[in-house]
file coords31.txt (compact mmCIF, C-alpha atoms and all ligand atoms)
# COMPACT_ATOMS: atom_id res chain seq x y z
CA MET A 135 16.32 -0.04 17.42
CA ILE A 136 14.34 0.74 14.29
CA THR A 137 14.55 -2.10 11.80
CA ILE A 138 14.67 -1.72 8.01
CA LYS A 139 12.77 -4.51 6.33
CA SER A 140 14.14 -6.49 3.37
CA GLU A 141 12.10 -7.04 0.18
CA ARG A 142 11.22 -10.52 1.42
CA GLU A 143 10.06 -9.18 4.78
CA ILE A 144 8.05 -6.44 3.09
CA GLU A 145 6.28 -9.03 0.94
CA LEU A 146 5.26 -10.98 4.08
CA MET A 147 4.11 -7.78 5.79
CA ARG A 148 2.00 -6.96 2.71
CA LYS A 149 0.31 -10.34 3.10
CA ALA A 150 -0.22 -9.87 6.85
CA GLY A 151 -1.63 -6.39 6.20
CA MET A 152 -3.95 -7.61 3.46
CA LEU A 153 -5.30 -10.31 5.80
CA VAL A 154 -6.05 -7.58 8.35
CA SER A 155 -7.93 -5.62 5.68
CA GLU A 156 -9.82 -8.72 4.55
CA MET A 157 -10.78 -9.58 8.13
CA HIS A 158 -12.23 -6.10 8.62
CA GLN A 159 -14.20 -6.50 5.38
CA PHE A 160 -15.35 -9.96 6.53
CA ILE A 161 -16.62 -8.82 9.94
CA LYS A 162 -18.30 -5.59 8.80
CA PRO A 163 -21.69 -7.11 7.86
CA TYR A 164 -21.93 -8.80 11.28
CA ILE A 165 -21.66 -5.50 13.16
CA LYS A 166 -25.36 -5.10 13.93
CA GLU A 167 -27.66 -4.64 16.89
CA GLY A 168 -27.94 -7.89 18.93
CA ILE A 169 -24.54 -9.45 18.27
CA SER A 170 -22.12 -9.75 21.19
CA THR A 171 -18.51 -8.66 21.08
CA TYR A 172 -17.65 -12.26 21.99
CA GLU A 173 -19.37 -13.54 18.83
CA LEU A 174 -17.45 -11.00 16.72
CA ASP A 175 -14.24 -12.22 18.33
CA GLN A 176 -15.03 -15.89 17.63
CA LEU A 177 -15.86 -15.18 13.98
CA CYS A 178 -12.61 -13.27 13.47
CA GLU A 179 -10.50 -15.86 15.23
CA LYS A 180 -11.87 -18.55 12.91
CA PHE A 181 -11.31 -16.32 9.87
CA ILE A 182 -7.66 -15.79 10.85
CA ILE A 183 -6.94 -19.45 11.58
CA ASP A 184 -8.64 -20.53 8.36
CA HIS A 185 -6.19 -18.25 6.51
CA ASP A 186 -3.14 -19.99 8.07
CA ALA A 187 -2.47 -16.93 10.17
CA VAL A 188 -2.15 -16.15 13.88
CA PRO A 189 -4.32 -13.95 16.14
CA THR A 190 -1.33 -12.21 17.70
CA CYS A 191 -3.16 -10.36 20.49
CA LYS A 192 -4.41 -13.61 22.02
CA GLY A 193 -1.99 -14.38 24.86
CA PHE A 194 0.00 -11.17 24.35
CA GLU A 195 0.90 -10.09 27.91
CA GLY A 196 -2.06 -12.23 28.98
CA TYR A 197 -4.65 -10.56 26.72
CA PRO A 198 -7.51 -13.07 26.45
CA ALA A 199 -8.95 -12.50 22.95
CA THR A 200 -8.27 -12.08 19.23
CA LEU A 201 -9.84 -8.63 18.89
CA CYS A 202 -10.01 -5.50 20.94
CA THR A 203 -13.68 -4.44 20.81
CA SER A 204 -14.07 -0.92 22.18
CA VAL A 205 -17.65 0.38 22.43
CA ASN A 206 -18.66 4.07 22.83
CA ASP A 207 -16.62 5.54 25.72
CA VAL A 208 -14.12 2.67 25.60
CA VAL A 209 -11.08 4.14 23.83
CA VAL A 210 -8.98 1.00 23.28
CA HIS A 211 -8.37 -2.56 24.49
CA GLY A 212 -12.01 -3.42 25.21
CA ILE A 213 -12.16 -7.16 25.91
CA PRO A 214 -14.89 -9.12 24.05
CA HIS A 215 -17.58 -10.49 26.38
CA LYS A 216 -20.70 -12.62 25.85
CA GLU A 217 -22.79 -10.10 27.78
CA ASP A 218 -21.59 -7.10 25.72
CA VAL A 219 -24.34 -6.97 23.12
CA LEU A 220 -24.33 -4.17 20.54
CA LYS A 221 -27.23 -1.69 20.50
CA ASN A 222 -28.51 0.60 17.78
CA GLY A 223 -26.58 3.87 18.01
CA ASP A 224 -23.35 2.39 19.42
CA ILE A 225 -19.96 2.82 17.84
CA ILE A 226 -17.43 0.03 18.10
CA THR A 227 -13.73 -0.02 17.29
CA ILE A 228 -12.40 -3.34 16.07
CA ASP A 229 -8.62 -3.51 16.49
CA VAL A 230 -6.69 -6.58 15.37
CA VAL A 231 -3.12 -7.75 14.90
CA ILE A 232 -2.57 -10.71 12.57
CA GLY A 233 0.68 -12.65 12.18
CA TYR A 234 1.56 -14.25 8.85
CA LYS A 235 4.75 -16.32 8.60
CA GLY A 236 6.18 -14.42 11.54
CA TYR A 237 5.28 -10.88 10.40
CA GLN A 238 2.54 -8.67 11.81
CA GLY A 239 -0.19 -6.44 10.40
CA ASP A 240 -2.21 -4.13 12.65
CA ALA A 241 -5.27 -1.99 11.90
CA ALA A 242 -8.24 -0.60 13.75
CA TRP A 243 -11.33 1.14 12.57
CA THR A 244 -14.50 2.34 14.19
CA TYR A 245 -17.89 1.14 12.95
CA ALA A 246 -21.42 2.46 13.45
CA VAL A 247 -24.10 0.11 14.78
CA GLY A 248 -27.34 1.02 12.97
CA GLU A 249 -28.19 4.73 13.11
CA ILE A 250 -25.74 6.84 15.12
CA ASP A 251 -26.10 10.47 16.21
CA GLU A 252 -24.39 13.43 14.53
CA ASP A 253 -21.75 13.74 17.26
CA LYS A 254 -20.55 10.18 16.73
CA LYS A 255 -20.58 10.65 12.93
CA TYR A 256 -18.44 13.76 13.32
CA LEU A 257 -16.05 11.98 15.68
CA MET A 258 -15.61 9.01 13.32
CA GLU A 259 -15.17 11.11 10.19
CA HIS A 260 -12.57 13.39 11.69
CA THR A 261 -10.64 10.67 13.53
CA GLU A 262 -10.13 8.83 10.25
CA LYS A 263 -9.16 12.10 8.56
CA ALA A 264 -6.68 12.83 11.38
CA LEU A 265 -5.05 9.48 10.63
CA LEU A 266 -4.84 10.33 6.93
CA GLU A 267 -3.29 13.72 7.75
CA GLY A 268 -0.58 11.83 9.64
CA VAL A 269 -0.11 9.35 6.79
CA LYS A 270 0.42 12.24 4.33
CA MET A 271 3.57 13.21 6.25
CA VAL A 272 5.16 9.79 5.68
CA LYS A 273 8.14 10.03 3.35
CA PRO A 274 11.89 9.52 3.65
CA GLY A 275 13.60 12.43 5.38
CA ASN A 276 10.54 13.52 7.35
CA ARG A 277 10.53 12.78 11.07
CA ILE A 278 8.12 11.11 13.49
CA GLY A 279 7.31 14.52 15.01
CA ASP A 280 5.97 15.66 11.62
CA ILE A 281 3.40 12.85 11.72
CA SER A 282 2.55 13.46 15.38
CA HIS A 283 2.09 17.17 14.83
CA ALA A 284 -0.11 16.73 11.75
CA VAL A 285 -2.46 14.41 13.67
CA GLU A 286 -2.62 16.72 16.67
CA GLU A 287 -3.16 19.86 14.60
CA TYR A 288 -6.03 18.28 12.65
CA ALA A 289 -7.68 16.94 15.82
CA GLU A 290 -7.42 20.28 17.60
CA ALA A 291 -8.76 22.19 14.61
CA HIS A 292 -11.81 19.93 14.86
CA HIS A 293 -12.12 20.33 18.65
CA LEU A 294 -11.51 16.66 19.38
CA GLY A 295 -9.51 15.40 22.38
CA VAL A 296 -6.19 13.66 21.66
CA VAL A 297 -5.52 10.74 24.00
CA GLN A 298 -1.88 11.06 25.04
CA GLU A 299 -1.35 7.93 27.16
CA LEU A 300 -1.22 5.59 24.16
CA CYS A 301 0.56 5.89 20.84
CA GLY A 302 1.44 4.25 17.54
CA HIS A 303 4.55 2.16 17.03
CA GLY A 304 6.92 0.41 14.70
CA ILE A 305 5.91 -3.11 13.65
CA GLY A 306 7.55 -6.15 12.07
CA GLN A 307 8.18 -9.55 13.61
CA ASP A 308 6.87 -7.99 16.83
CA MET A 309 3.62 -6.05 16.98
CA HIS A 310 5.30 -3.29 18.94
CA GLU A 311 8.73 -2.20 17.77
CA ASP A 312 10.57 1.13 17.82
CA PRO A 313 9.85 3.92 17.19
CA GLU A 314 6.94 5.23 19.25
CA VAL A 315 4.53 7.28 17.14
CA PRO A 316 2.68 9.72 19.43
CA ASN A 317 -0.44 11.56 18.30
CA PHE A 318 0.92 14.92 19.43
CA GLY A 319 4.32 16.48 18.97
CA ILE A 320 6.66 19.00 17.43
CA PRO A 321 7.57 19.13 13.72
CA ASN A 322 11.14 18.30 12.74
CA THR A 323 11.81 16.28 15.90
CA GLY A 324 12.18 12.55 16.58
CA PRO A 325 13.55 9.70 14.48
CA ARG A 326 13.94 10.28 10.74
CA LEU A 327 11.88 8.11 8.37
CA ARG A 328 13.78 5.85 5.98
CA PRO A 329 12.66 3.49 3.21
CA GLY A 330 11.92 0.00 4.57
CA MET A 331 10.66 1.14 7.98
CA VAL A 332 7.12 0.05 8.86
CA ILE A 333 5.05 1.98 11.39
CA CYS A 334 1.52 2.05 12.75
CA ILE A 335 -0.17 5.44 13.06
CA GLU A 336 -3.22 5.27 15.31
CA PRO A 337 -5.00 8.39 16.58
CA MET A 338 -7.40 7.81 19.46
CA LEU A 339 -9.68 10.86 19.64
CA THR A 340 -12.47 11.78 22.01
CA PHE A 341 -15.58 13.85 21.50
CA GLY A 342 -15.09 15.42 24.94
CA ASP A 343 -12.16 15.77 27.28
CA ARG A 344 -8.99 13.81 26.38
CA HIS A 345 -8.43 12.22 29.79
CA VAL A 346 -8.77 8.45 30.20
CA TYR A 347 -8.54 5.76 32.88
CA GLN A 348 -8.03 2.00 32.91
CA LEU A 349 -10.50 -0.50 34.36
CA GLU A 350 -9.51 -3.10 36.94
CA ASP A 351 -9.37 -5.77 34.22
CA GLY A 352 -5.96 -4.28 33.42
CA TRP A 353 -6.88 -3.55 29.77
CA THR A 354 -10.03 -1.55 29.09
CA VAL A 355 -9.30 2.18 28.65
CA LYS A 356 -12.27 4.57 28.96
CA THR A 357 -12.77 8.32 28.74
CA GLN A 358 -13.08 9.94 32.17
CA ASP A 359 -16.05 12.05 31.09
CA ALA A 360 -17.78 9.06 29.39
CA SER A 361 -17.76 10.84 26.03
CA PRO A 362 -17.40 8.59 22.97
CA ALA A 363 -13.99 7.84 21.44
CA ALA A 364 -12.89 6.68 17.99
CA HIS A 365 -9.68 4.98 16.87
CA TYR A 366 -8.30 4.43 13.37
CA GLU A 367 -5.03 2.70 12.63
CA HIS A 368 -3.05 1.69 9.56
CA THR A 369 0.20 -0.22 9.11
CA ILE A 370 2.36 1.86 6.76
CA LEU A 371 5.54 1.09 4.85
CA ILE A 372 7.95 3.96 4.14
CA THR A 373 8.91 3.70 0.45
CA GLU A 374 11.59 5.48 -1.62
CA ASP A 375 9.20 8.28 -2.51
CA GLY A 376 6.51 8.21 0.16
CA TYR A 377 4.43 5.47 1.70
CA GLU A 378 2.35 2.37 1.05
CA ILE A 379 -0.63 1.56 3.27
CA LEU A 380 -0.29 -2.17 4.01
CA THR A 381 -3.79 -2.34 5.55
CA PRO A 382 -5.92 -0.59 2.89
CA ARG A 383 -9.65 -0.19 3.43
CA LEU A 384 -11.41 -2.54 1.05
CA ASP A 385 -14.85 -0.85 1.37
N1 LIG B 1 -3.62 -3.44 18.24
C1 LIG B 1 -3.20 -2.71 19.37
C2 LIG B 1 -2.13 -1.75 18.98
O1 LIG B 1 -2.33 -1.03 18.09
C3 LIG B 1 -2.73 -3.44 20.55
C4 LIG B 1 -2.96 -4.84 20.71
S1 LIG B 1 -3.91 -5.14 22.02
C5 LIG B 1 -3.19 -6.34 22.90
O2 LIG B 1 -1.07 -1.66 19.51
F1 LIG B 1 -4.12 -6.83 23.54
F2 LIG B 1 -2.66 -7.22 22.13
F3 LIG B 1 -2.27 -5.81 23.64
CO CO B 2 -1.18 -0.69 16.83

call {"tool": "encode", "arguments": {"input": "coords31.txt", "output": "structure tokens"}}
result
Amino acid sequence: MITIKSEREIELMRKAGMLVSEMHQFIKPYIKEGISTYELDQLCEKFIIDHDAVPTCKGFEGYPATLCTSVNDVVVHGIPHKEDVLKNGDIITIDVVIGYKGYQGDAAWTYAVGEIDEDKKYLMEHTEKALLEGVKMVKPGNRIGDISHAVEEYAEAHHLGVVQELCGHGIGQDMHEDPEVPNFGIPNTGPRLRPGMVICIEPMLTFGDRHVYQLEDGWTVKTQDASPAAHYEHTILITEDGYEILTPRLD
């Protein structure tokens, strides 16, 4: 069931989303050579708790941390570890879900550690642009397939792999609600968008082949060919005449 949020619920989701944006802005200066993904996780957990909010991922289906920290060929759901220390030239996706008064905000973006090569720059730039192409399709009357197709078409035009095993989702009191929002699809198919729906669009694109596998930890998803992956995600409200990004970039 796809829920339509009330004005009161939307106001709480705006606050949850803004906290997600502020946490990304807070952690950005720490993303440097020598810091561990565990330290990033600890800093963000403290930031969230200090803002009277909840690190929703922690304990979700047994997930052990606040953040997903996905480095280089890790696509999503990388678990922070003390021994995972960032190196110059890495890329890292920070993905977080924050609960505020029972409502969730969810956003991921990929960051460069020091100087990265041209391939990784290209991957990051065009993964974020693929997300924005999807966002442009968000308005009442359009359908989920319009978003999915726009993301896929942009990614393919830029010769990037589209990971198909994972997708975006509705969001509200739960971090994952209906509908599913795939990153590939057919225009004019799927659920119709209506004002008051809130969805997460989150392309996961690879520089090489699109195929992925999961590690034995039950979470970490990596590219099969070890090529780097990027992941950008926004929480988006469908409004009367289009959309509002609830997790705006503050940089
Ligand atoms: N933020 C991720 C998403 O976009 C998932 C959360 S990871 C989990 O759906 F560990 F909480 F599962
Ligand atoms: Co999400």

call {"tool": "residues_near_ligand", "arguments": {"input": "coords31.txt", "ligand": "ligand LIG 1 (chain B)", "cutoff": "8 Å", "atoms": "all atoms listed in the file", "output": "VMD selection string"}}
result
chain A and resid 190 to 202 210 to 211 229 to 231 240 to 242 301 to 303 309 to 310 334 336 353 367

call {"tool": "residues_around", "arguments": {"input": "coords31.txt", "residues": "stretch 145-158 of chain A", "least_positions_apart": "4", "cutoff": "6 Å", "atoms": "only C-alpha atoms", "output": "ChimeraX atom specification"}}
result
/A:234,237-239,380-381

call {"tool": "closest_residue", "arguments": {"input": "coords31.txt", "among": "A:Ala289, A:Leu384, A:Ile370, A:Leu177", "to": "ligand CO 2 (chain B)", "atoms": "only C-alpha atoms and all ligand atoms"}}
result
A:Ile370

call {"tool": "closest_residue", "arguments": {"input": "coords31.txt", "among": "A:Cys178, A:Leu300, A:Leu371, A:Met331", "to": "ligand CO 2 (chain B)", "atoms": "all atoms listed in the file"}}
result
A:Leu300

call {"tool": "residues_around", "arguments": {"input": "coords31.txt", "residues": "A:Glu378", "least_positions_apart": "5", "cutoff": "10 Å", "atoms": "only C-alpha atoms", "output": "VMD selection string"}}
result
chain A and resid 148 269 272 to 273 332 369 to 373

call {"tool": "closest_residue", "arguments": {"input": "coords31.txt", "among": "A:Leu174, A:Ala364, A:Val188, A:Ile232", "to": "A:Ala264", "atoms": "only C-alpha atoms"}}
result
A:Ala364

call {"tool": "residues_near_point", "arguments": {"input": "coords31.txt", "point": "(-14.8, -5.1, 19.4)", "cutoff": "9 Å", "atoms": "all atoms listed in the file", "output": "VMD selection string"}}
result
chain A and resid 170 to 172 174 to 175 201 to 205 211 to 214 226 to 229

call {"tool": "atom_distance", "arguments": {"input": "coords31.txt", "atom1": "atom CA of A:Gly236", "atom2": "atom CA of A:Glu179"}}
result
17.1 Å

call {"tool": "atom_distance", "arguments": {"input": "coords31.txt", "atom1": "atom CA of A:Ala360", "atom2": "atom CA of A:Gly248"}}
result
20.6 Å

call {"tool": "residues_around", "arguments": {"input": "coords31.txt", "residues": "A:Val296", "least_positions_apart": "2", "cutoff": "12 Å", "atoms": "all atoms listed in the file", "output": "PyMOL selection string"}}
result
chain A and resi 209+257+260-261+264-265+282-283+285-294+298-301+316-319+336-346+357+363-365

call {"tool": "atom_distance", "arguments": {"input": "coords31.txt", "atom1": "atom CA of A:Ile320", "atom2": "atom CA of A:Glu259"}}
result
24.3 Å

call {"tool": "closest_residue", "arguments": {"input": "coords31.txt", "among": "A:Tyr347, A:Trp243, A:Tyr164, A:Tyr377", "to": "ligand CO 2 (chain B)", "atoms": "all atoms listed in the file"}}
result
A:Trp243

call {"tool": "closest_residue", "arguments": {"input": "coords31.txt", "among": "A:Leu349, A:Ile169, A:Ile335, A:Met258", "to": "ligand CO 2 (chain B)", "atoms": "all atoms listed in the file"}}
result
A:Ile335

call {"tool": "decode", "arguments": {"input": "coords31.txt", "residues": "stretch 265-330 of chain A", "atoms": "C-alpha atoms", "output": "PDB file, in the first residue's frame"}}
result
ATOM      1  CA  LEU A 265      19.513  10.516 -10.084  1.00  0.00           C
ATOM      2  CA  LEU A 266      18.565  14.057 -11.098  1.00  0.00           C
ATOM      3  CA  GLU A 267      17.187  12.793 -14.422  1.00  0.00           C
ATOM      4  CA  GLY A 268      14.926  10.485 -12.415  1.00  0.00           C
ATOM      5  CA  VAL A 269      13.907  13.294 -10.062  1.00  0.00           C
ATOM      6  CA  LYS A 270      12.876  15.458 -13.046  1.00  0.00           C
ATOM      7  CA  MET A 271      10.173  12.904 -13.883  1.00  0.00           C
ATOM      8  CA  VAL A 272       8.514  13.293 -10.473  1.00  0.00           C
ATOM      9  CA  LYS A 273       5.121  14.964 -10.776  1.00  0.00           C
ATOM     10  CA  PRO A 274       1.511  13.941 -10.204  1.00  0.00           C
ATOM     11  CA  GLY A 275       0.173  11.770 -13.014  1.00  0.00           C
ATOM     12  CA  ASN A 276       3.566  10.411 -14.055  1.00  0.00           C
ATOM     13  CA  ARG A 277       4.329   6.802 -13.157  1.00  0.00           C
ATOM     14  CA  ILE A 278       7.184   4.992 -11.415  1.00  0.00           C
ATOM     15  CA  GLY A 279       8.271   3.521 -14.767  1.00  0.00           C
ATOM     16  CA  ASP A 280       8.892   7.052 -16.069  1.00  0.00           C
ATOM     17  CA  ILE A 281      11.445   7.603 -13.293  1.00  0.00           C
ATOM     18  CA  SER A 282      13.015   4.163 -13.759  1.00  0.00           C
ATOM     19  CA  HIS A 283      13.335   4.627 -17.495  1.00  0.00           C
ATOM     20  CA  ALA A 284      14.874   8.103 -17.217  1.00  0.00           C
ATOM     21  CA  VAL A 285      17.574   6.808 -14.848  1.00  0.00           C
ATOM     22  CA  GLU A 286      18.326   3.795 -17.029  1.00  0.00           C
ATOM     23  CA  GLU A 287      18.418   5.785 -20.259  1.00  0.00           C
ATOM     24  CA  TYR A 288      20.841   8.349 -18.808  1.00  0.00           C
ATOM     25  CA  ALA A 289      23.107   5.641 -17.351  1.00  0.00           C
ATOM     26  CA  GLU A 290      23.196   3.697 -20.609  1.00  0.00           C
ATOM     27  CA  ALA A 291      23.894   6.799 -22.669  1.00  0.00           C
ATOM     28  CA  HIS A 292      26.948   7.275 -20.435  1.00  0.00           C
ATOM     29  CA  HIS A 293      28.008   3.606 -20.680  1.00  0.00           C
ATOM     30  CA  LEU A 294      27.574   2.937 -16.973  1.00  0.00           C
ATOM     31  CA  GLY A 295      26.229  -0.342 -15.553  1.00  0.00           C
ATOM     32  CA  VAL A 296      22.837  -0.232 -13.810  1.00  0.00           C
ATOM     33  CA  VAL A 297      22.666  -2.527 -10.777  1.00  0.00           C
ATOM     34  CA  GLN A 298      19.307  -4.292 -11.000  1.00  0.00           C
ATOM     35  CA  GLU A 299      19.232  -6.327  -7.778  1.00  0.00           C
ATOM     36  CA  LEU A 300      18.516  -3.313  -5.567  1.00  0.00           C
ATOM     37  CA  CYS A 301      16.092  -0.440  -5.988  1.00  0.00           C
ATOM     38  CA  GLY A 302      14.573   2.690  -4.476  1.00  0.00           C
ATOM     39  CA  HIS A 303      11.433   2.649  -2.368  1.00  0.00           C
ATOM     40  CA  GLY A 304       8.655   4.538  -0.691  1.00  0.00           C
ATOM     41  CA  ILE A 305       9.442   5.925   2.765  1.00  0.00           C
ATOM     42  CA  GLY A 306       7.540   7.272   5.753  1.00  0.00           C
ATOM     43  CA  GLN A 307       7.246   5.791   9.224  1.00  0.00           C
ATOM     44  CA  ASP A 308       9.170   2.834   7.790  1.00  0.00           C
ATOM     45  CA  MET A 309      12.376   3.254   5.818  1.00  0.00           C
ATOM     46  CA  HIS A 310      11.112   0.874   3.164  1.00  0.00           C
ATOM     47  CA  GLU A 311       7.513   1.279   2.067  1.00  0.00           C
ATOM     48  CA  ASP A 312       5.709   0.718  -1.225  1.00  0.00           C
ATOM     49  CA  PRO A 313       6.271   1.347  -4.054  1.00  0.00           C
ATOM     50  CA  GLU A 314       9.533  -0.134  -5.316  1.00  0.00           C
ATOM     51  CA  VAL A 315      11.458   2.324  -7.479  1.00  0.00           C
ATOM     52  CA  PRO A 316      13.722   0.342  -9.848  1.00  0.00           C
ATOM     53  CA  ASN A 317      16.538   1.995 -11.771  1.00  0.00           C
ATOM     54  CA  PHE A 318      15.424   0.464 -15.060  1.00  0.00           C
ATOM     55  CA  GLY A 319      11.990   0.160 -16.602  1.00  0.00           C
ATOM     56  CA  ILE A 320       9.376   1.086 -19.147  1.00  0.00           C
ATOM     57  CA  PRO A 321       7.739   4.521 -19.429  1.00  0.00           C
ATOM     58  CA  ASN A 322       4.045   4.803 -18.589  1.00  0.00           C
ATOM     59  CA  THR A 323       4.036   1.661 -16.425  1.00  0.00           C
ATOM     60  CA  GLY A 324       3.828   1.089 -12.671  1.00  0.00           C
ATOM     61  CA  PRO A 325       2.073   3.001  -9.892  1.00  0.00           C
ATOM     62  CA  ARG A 326       0.940   6.551 -10.632  1.00  0.00           C
ATOM     63  CA  LEU A 327       2.484   9.381  -8.587  1.00  0.00           C
ATOM     64  CA  ARG A 328       0.155  11.440  -6.408  1.00  0.00           C
ATOM     65  CA  PRO A 329       0.705  14.480  -4.183  1.00  0.00           C
ATOM     66  CA  GLY A 330       1.715  13.460  -0.655  1.00  0.00           C
TER      67      GLY A 330
END
